[in-house]
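Working notes for the structure below.
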Amino acid sequence: MARVRRCKKCSRILPEGYKHKRCTNCRKASSDTVKAVILFIPMVCATVIKFVIKK
Amino acid sequence: MKKDVILRANKVEKNNKDYIIIEEIYSETSSIVKSLINNADVIKANITKLLYKTPSFIKLVKSSIPKKEYKVLFSSIQKARMNNGGIQLMQKKDGSFIANLINSKTKKIFSSISLKEVNKTPELSKALSNYMTQMQMAQIANRIQQIQLDIEEVRQGQFDDRFALAYSCEQKYIQASVIKNTQLKQIALLKIVSDAEDSRNLLMKTQTRNLEYIRKQPESFWKQVLSLDSSKKVNKRMDEIRESFNAINMTSIVEAVAYKEMGEFDAAQESLSYYANHLKSSYFMKKGFIEQLDLIDPSPENYWSGKLPEIMDSVQLISHNSKVRIEGVTYGKS
């Protein structure tokens, strides 16, 4: 009997042959977080640099 | 021994009390955290807007602070003598000038120079125009966002209209089934069948478009990061697919039962056969698509791989097997 694999985050059953540890829905949510961080951090750094550096 | 038991019992009770206290504290903070999480999108959007405006605003404030400069004032006599070369500015060994005038020949101090303090803001106009440009761009970005929201509302409105048509067919059937006048009942049932078919086709088109959107969603994590679609948008489309699936199911049943009421069993089978073909072409054409729907659905219950094949089999059975019919009163016979 094939071992039933579950998503690490939401515990839904993953189909056979699925190579990831989390389901597409959970991975999509993580990718949104990464996207937000990638866009947010440079903006904050740019503002801080503008404020700190004196011409 | 007894003492030990009592101590242990006390210990357990003490521990229980401790646990209770911890739980209470936890439940208080979680409501604060919950409200933060709920408003996270709004807070993030506001912070982003603020960060867009902040650099130019800071530059404007910095450039509005006047810088002190000293202006040299020469009298007309001094100017004339300097032009003749009779006097010159006193110079240090390192080459910098001092505010004294010296005789060019004797190198003796002729007179001192008067200085005037002046407050200048040389970059103020540039900073101001930059800030105005930034504000205009922020306004344009806001406007574009608002247009996107309006378009989404129009789309949602269209979707709601199609749903309203589907659910009205159900209500019409319930009301038509109690009409006593046989002629009126027949007219009503014919209208219901026609409306149900129109509504069903509209919903099928919407569902096909949403399914195509889901089919195109990237599998790889980094492609998802680069994609413009958020998980919120994908979840919304999945909800629409579920709702439209439910509505199409319902209108198909209403249509088939209305045909049955009129005594037209072949027409009922034909309408269900059309539904079966739609299910086959939408969900079962591409291998692994049902599993993809399960993985992308916000609900973790694996609905698509569980229920959909059952529904497909039932619909196919009823539509192809002439012996399997919904039993009921044959309409029209005296």
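So you can find residues: chains in the structure tokens are A, B, ... in the order shown, residues in each start at 1, and ligands are numbered from 1 in order.
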Task: Exercise: stretch 9-18 of chain A partners within 12 Å, only C-alpha atoms, chain neighbours under 4 positions left out, as a ChimeraX atom specification - done: /A:1-5,22-27,29-30 /B:219,288-303,305-306
I want to know what sits within 6 Å of B:Asn119, based on only C-alpha atoms, with residues of the same chain fewer than 2 positions away left out; could you give that as an mmCIF file with all heavy atoms, in the first residue's frame?
```cif
data_model
loop_
_atom_site.group_PDB
_atom_site.id
_atom_site.type_symbol
_atom_site.label_atom_id
_atom_site.label_comp_id
_atom_site.auth_asym_id
_atom_site.auth_seq_id
_atom_site.Cartn_x
_atom_site.Cartn_y
_atom_site.Cartn_z
ATOM 1 N N PRO B 66 17.488 77.174 5.633
ATOM 2 C CA PRO B 66 18.425 78.036 4.888
ATOM 3 C C PRO B 66 19.880 77.850 5.346
ATOM 4 O O PRO B 66 20.140 77.578 6.507
ATOM 5 C CB PRO B 66 17.943 79.448 5.207
ATOM 6 C CG PRO B 66 17.160 79.312 6.457
ATOM 7 C CD PRO B 66 16.636 77.936 6.536
ATOM 8 N N LYS B 67 20.761 77.989 4.360
ATOM 9 C CA LYS B 67 22.202 77.882 4.660
ATOM 10 C C LYS B 67 22.778 79.292 4.756
ATOM 11 O O LYS B 67 22.448 80.159 3.943
ATOM 12 C CB LYS B 67 22.914 77.122 3.550
ATOM 13 C CG LYS B 67 22.572 75.667 3.497
ATOM 14 C CD LYS B 67 23.228 74.981 2.318
ATOM 15 C CE LYS B 67 22.626 73.595 2.156
ATOM 16 N NZ LYS B 67 22.936 72.994 0.881
ATOM 17 N N LYS B 68 23.673 79.451 5.746
ATOM 18 C CA LYS B 68 24.277 80.806 5.925
ATOM 19 C C LYS B 68 25.462 80.952 4.989
ATOM 20 O O LYS B 68 26.333 80.072 4.924
ATOM 21 C CB LYS B 68 24.754 80.965 7.364
ATOM 22 C CG LYS B 68 23.679 81.444 8.311
ATOM 23 C CD LYS B 68 24.234 81.732 9.683
ATOM 24 C CE LYS B 68 23.072 81.933 10.632
ATOM 25 N NZ LYS B 68 23.474 81.975 12.015
#
```
Task: Counting only C-alpha atoms, the option among A:Cys7, A:Leu39, A:Ser31, A:Val44 closest to B:Ser231 - done: A:Ser31
Open item on the list: Report as a list of chain:residue names all protein, DNA and RNA residues lying within 12 Å of B:Met135, evaluated on only C-alpha atoms, omitting residues in the same chain fewer than 2 positions from it.
Closed with: B:Lys49, B:Leu50, B:Leu51, B:Tyr52, B:Lys53, B:Thr54, B:Pro55, B:Ser56, B:Phe57, B:Leu128, B:Ser129, B:Asn130, B:Tyr131, B:Met132, B:Thr133, B:Met137, B:Ala138, B:Gln139, B:Ile140, B:Ala141, B:Asn142
Open item on the list: So that I can see what lies close to B:Ile192, please list as a PyMOL selection string the residues with an atom at most 9 Å from it, counting only C-alpha atoms and leaving out residues fewer than 6 positions away in the same chain.
Closed with: chain B and resi 169-170+172-173+176+254-255+258
For the selection you just gave me, I'd like the residues written to a file as a tab-separated table (two decimals), in the first residue's frame, keeping all heavy atoms.
```
chain	number	residue	atom	x	y	z
B	169	CYS	N	-34.24	30.31	-11.56
B	169	CYS	CA	-34.83	29.14	-12.23
B	169	CYS	C	-35.33	28.14	-11.20
B	169	CYS	O	-36.41	27.54	-11.35
B	169	CYS	CB	-33.82	28.48	-13.15
B	169	CYS	SG	-33.40	29.48	-14.57
B	170	GLU	N	-34.54	27.97	-10.13
B	170	GLU	CA	-34.93	27.03	-9.08
B	170	GLU	C	-36.25	27.49	-8.44
B	170	GLU	O	-37.17	26.70	-8.25
B	170	GLU	CB	-33.83	26.97	-8.03
B	170	GLU	CG	-34.05	25.87	-6.99
B	170	GLU	CD	-33.07	25.98	-5.84
B	170	GLU	OE1	-32.46	27.06	-5.65
B	170	GLU	OE2	-32.92	24.99	-5.13
B	172	LYS	N	-38.47	29.54	-9.68
B	172	LYS	CA	-39.57	29.49	-10.67
B	172	LYS	C	-40.14	28.08	-10.73
B	172	LYS	O	-41.36	27.88	-10.81
B	172	LYS	CB	-39.07	29.90	-12.06
B	172	LYS	CG	-38.89	31.39	-12.28
B	172	LYS	CD	-38.37	31.62	-13.68
B	172	LYS	CE	-37.70	32.94	-13.82
B	172	LYS	NZ	-36.99	33.08	-15.10
B	173	TYR	N	-39.24	27.06	-10.69
B	173	TYR	CA	-39.72	25.67	-10.77
B	173	TYR	C	-40.57	25.32	-9.55
B	173	TYR	O	-41.62	24.69	-9.67
B	173	TYR	CB	-38.54	24.69	-10.90
B	173	TYR	CG	-39.03	23.27	-10.87
B	173	TYR	CD1	-39.64	22.73	-11.98
B	173	TYR	CD2	-38.93	22.52	-9.71
B	173	TYR	CE1	-40.16	21.44	-11.95
B	173	TYR	CE2	-39.44	21.23	-9.69
B	173	TYR	CZ	-40.05	20.70	-10.80
B	173	TYR	OH	-40.57	19.43	-10.77
B	176	ALA	N	-43.81	26.98	-10.06
B	176	ALA	CA	-44.56	26.41	-11.19
B	176	ALA	C	-45.15	25.05	-10.83
B	176	ALA	O	-46.22	24.66	-11.32
B	176	ALA	CB	-43.66	26.27	-12.41
B	254	VAL	N	-32.76	21.19	-12.42
B	254	VAL	CA	-34.05	21.91	-12.62
B	254	VAL	C	-34.56	21.67	-14.03
B	254	VAL	O	-35.75	21.36	-14.24
B	254	VAL	CB	-33.87	23.42	-12.32
B	254	VAL	CG1	-35.03	24.23	-12.86
B	254	VAL	CG2	-33.71	23.66	-10.82
B	255	GLU	N	-33.67	21.78	-15.01
B	255	GLU	CA	-34.06	21.60	-16.41
B	255	GLU	C	-34.55	20.18	-16.66
B	255	GLU	O	-35.61	19.97	-17.28
B	255	GLU	CB	-32.85	21.91	-17.31
B	255	GLU	CG	-33.23	22.14	-18.76
B	255	GLU	CD	-32.03	22.51	-19.61
B	255	GLU	OE1	-31.04	23.06	-19.07
B	255	GLU	OE2	-32.10	22.24	-20.82
B	258	ALA	N	-37.88	19.61	-14.97
B	258	ALA	CA	-38.94	20.35	-15.68
B	258	ALA	C	-39.37	19.58	-16.93
B	258	ALA	O	-40.56	19.47	-17.23
B	258	ALA	CB	-38.45	21.75	-16.04
```
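Every protein, DNA or RNA residue with an atom at most 10 Å from stretch 204-212 of chain B, where only C-alpha atoms count and chain neighbours fewer than 5 positions away do not, is listed here: Gln158, Phe159, Arg162, Asp198, Ser199, Gln217, Val234, Lys236, Arg237, Met238, Asp239, Glu240, Ile241, Arg242, Glu243, Ser244, Phe245, Ala247, Ile248, Tyr275, His278, Leu279, Ser281, Ser282, Tyr283, Phe289 and Leu293 of chain B.
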TODO: Please identify which residues in chain A DSSP calls strand (DSSP E) from the backbone, and express them as a PyMOL selection string.
DONE: chain A and resi 5-6+13-14
Using all heavy atoms, can you export the residues from the last selection as an mmCIF file, in the first residue's frame?
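Writing the result to out.cif gives the following:
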```
data_model
loop_
_atom_site.group_PDB
_atom_site.id
_atom_site.type_symbol
_atom_site.label_atom_id
_atom_site.label_comp_id
_atom_site.auth_asym_id
_atom_site.auth_seq_id
_atom_site.Cartn_x
_atom_site.Cartn_y
_atom_site.Cartn_z
ATOM 1 N N ARG A 5 1.087 10.787 1.617
ATOM 2 C CA ARG A 5 1.837 11.974 2.006
ATOM 3 C C ARG A 5 0.881 13.124 2.219
ATOM 4 O O ARG A 5 -0.108 13.264 1.488
ATOM 5 C CB ARG A 5 2.845 12.323 0.908
ATOM 6 C CG ARG A 5 4.073 11.420 0.913
ATOM 7 C CD ARG A 5 4.975 11.688 -0.256
ATOM 8 N NE ARG A 5 5.486 13.049 -0.234
ATOM 9 C CZ ARG A 5 5.412 13.900 -1.250
ATOM 10 N NH1 ARG A 5 4.833 13.549 -2.369
ATOM 11 N NH2 ARG A 5 5.911 15.114 -1.171
ATOM 12 N N ARG A 6 1.198 13.928 3.253
ATOM 13 C CA ARG A 6 0.327 15.075 3.567
ATOM 14 C C ARG A 6 1.130 16.367 3.513
ATOM 15 O O ARG A 6 2.335 16.381 3.757
ATOM 16 C CB ARG A 6 -0.281 14.895 4.957
ATOM 17 C CG ARG A 6 -1.341 13.819 5.000
ATOM 18 C CD ARG A 6 -1.978 13.691 6.370
ATOM 19 N NE ARG A 6 -3.007 12.688 6.338
ATOM 20 C CZ ARG A 6 -4.307 12.919 6.085
ATOM 21 N NH1 ARG A 6 -4.726 14.136 5.838
ATOM 22 N NH2 ARG A 6 -5.178 11.933 6.074
ATOM 23 N N ILE A 13 -4.119 15.721 1.798
ATOM 24 C CA ILE A 13 -3.440 14.579 1.176
ATOM 25 C C ILE A 13 -2.828 15.031 -0.144
ATOM 26 O O ILE A 13 -3.493 15.659 -0.978
ATOM 27 C CB ILE A 13 -4.439 13.425 0.945
ATOM 28 C CG1 ILE A 13 -4.942 12.920 2.305
ATOM 29 C CG2 ILE A 13 -3.778 12.281 0.184
ATOM 30 C CD1 ILE A 13 -6.088 11.954 2.212
ATOM 31 N N LEU A 14 -1.558 14.687 -0.337
ATOM 32 C CA LEU A 14 -0.868 15.041 -1.580
ATOM 33 C C LEU A 14 -0.958 13.866 -2.542
ATOM 34 O O LEU A 14 -0.871 12.714 -2.111
ATOM 35 C CB LEU A 14 0.597 15.372 -1.294
ATOM 36 C CG LEU A 14 0.838 16.537 -0.325
ATOM 37 C CD1 LEU A 14 2.317 16.661 0.005
ATOM 38 C CD2 LEU A 14 0.339 17.835 -0.919
#
```
Task: Distance criterion (only C-alpha atoms): nearest to chain A out of B:Val225, B:Leu101, B:Val315, B:Ile187 - done: B:Val225
- [ ] Quick one: everything within 7 Å of stretch 267-271 of chain B, counting only C-alpha atoms, minus sequence neighbours fewer than 3 positions away in the same chain. Send it as an MDAnalysis selection string.
- [x] chainID B and resid 256 259:260 264 274:275 318:319
Take the residues from that selection and put them in a file with all heavy atoms, as a CSV table (one decimal), in the first residue's frame.
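Result written to out27.csv:
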```csv
chain,number,residue,atom,x,y,z
B,256,ALA,N,-33.8,19.2,-16.1
B,256,ALA,CA,-34.2,17.8,-16.4
B,256,ALA,C,-35.5,17.5,-15.7
B,256,ALA,O,-36.4,16.8,-16.3
B,256,ALA,CB,-33.1,16.9,-15.8
B,259,TYR,N,-38.4,19.0,-17.6
B,259,TYR,CA,-38.7,18.2,-18.8
B,259,TYR,C,-39.5,17.0,-18.4
B,259,TYR,O,-40.4,16.6,-19.1
B,259,TYR,CB,-37.4,17.8,-19.6
B,259,TYR,CG,-36.9,18.8,-20.6
B,259,TYR,CD1,-35.6,19.2,-20.6
B,259,TYR,CD2,-37.7,19.2,-21.6
B,259,TYR,CE1,-35.1,20.1,-21.5
B,259,TYR,CE2,-37.3,20.1,-22.6
B,259,TYR,CZ,-36.0,20.6,-22.5
B,259,TYR,OH,-35.5,21.5,-23.4
B,260,LYS,N,-39.1,16.4,-17.3
B,260,LYS,CA,-39.8,15.2,-16.8
B,260,LYS,C,-41.2,15.5,-16.4
B,260,LYS,O,-42.1,14.8,-16.7
B,260,LYS,CB,-39.0,14.7,-15.5
B,260,LYS,CG,-39.5,13.4,-14.9
B,260,LYS,CD,-40.4,13.5,-13.7
B,260,LYS,CE,-40.2,14.4,-12.7
B,260,LYS,NZ,-41.2,14.4,-11.6
B,264,GLU,N,-41.3,14.8,-21.1
B,264,GLU,CA,-40.3,14.7,-22.2
B,264,GLU,C,-39.0,14.1,-21.6
B,264,GLU,O,-38.1,14.8,-21.3
B,264,GLU,CB,-40.0,16.1,-22.8
B,264,GLU,CG,-41.2,16.8,-23.4
B,264,GLU,CD,-41.7,16.1,-24.6
B,264,GLU,OE1,-40.9,15.4,-25.3
B,264,GLU,OE2,-42.9,16.2,-24.9
B,274,TYR,N,-25.6,16.8,-22.4
B,274,TYR,CA,-24.8,18.1,-22.7
B,274,TYR,C,-24.0,18.5,-21.4
B,274,TYR,O,-22.9,18.9,-21.5
B,274,TYR,CB,-25.8,19.2,-23.0
B,274,TYR,CG,-25.2,20.5,-23.3
B,274,TYR,CD1,-24.4,20.7,-24.4
B,274,TYR,CD2,-25.4,21.6,-22.4
B,274,TYR,CE1,-23.8,22.0,-24.7
B,274,TYR,CE2,-24.8,22.9,-22.7
B,274,TYR,CZ,-24.0,23.0,-23.8
B,274,TYR,OH,-23.5,24.3,-24.0
B,275,TYR,N,-24.6,18.3,-20.2
B,275,TYR,CA,-23.9,18.6,-19.0
B,275,TYR,C,-22.7,17.7,-18.8
B,275,TYR,O,-21.6,18.1,-18.4
B,275,TYR,CB,-24.9,18.5,-17.8
B,275,TYR,CG,-24.3,18.8,-16.5
B,275,TYR,CD1,-23.3,19.7,-16.3
B,275,TYR,CD2,-24.8,18.1,-15.3
B,275,TYR,CE1,-22.8,20.0,-15.0
B,275,TYR,CE2,-24.2,18.3,-14.1
B,275,TYR,CZ,-23.3,19.3,-13.9
B,275,TYR,OH,-22.7,19.5,-12.7
B,318,ILE,N,-27.4,8.5,-16.0
B,318,ILE,CA,-28.7,8.9,-16.2
B,318,ILE,C,-28.9,9.4,-17.7
B,318,ILE,O,-29.9,9.1,-18.3
B,318,ILE,CB,-29.2,10.1,-15.3
B,318,ILE,CG1,-29.1,9.7,-13.8
B,318,ILE,CG2,-30.6,10.6,-15.6
B,318,ILE,CD1,-29.2,10.9,-12.8
B,319,SER,N,-27.9,10.0,-18.2
B,319,SER,CA,-28.1,10.6,-19.6
B,319,SER,C,-28.0,9.5,-20.6
B,319,SER,O,-28.7,9.6,-21.7
B,319,SER,CB,-27.0,11.6,-19.8
B,319,SER,OG,-25.7,11.1,-19.8
```
Open item on the list: Report, in Å with one decimal, the straight-line distance from atom CA of B:Pro309 to atom CA of B:Asn246.
Closed with: 14.6 Å
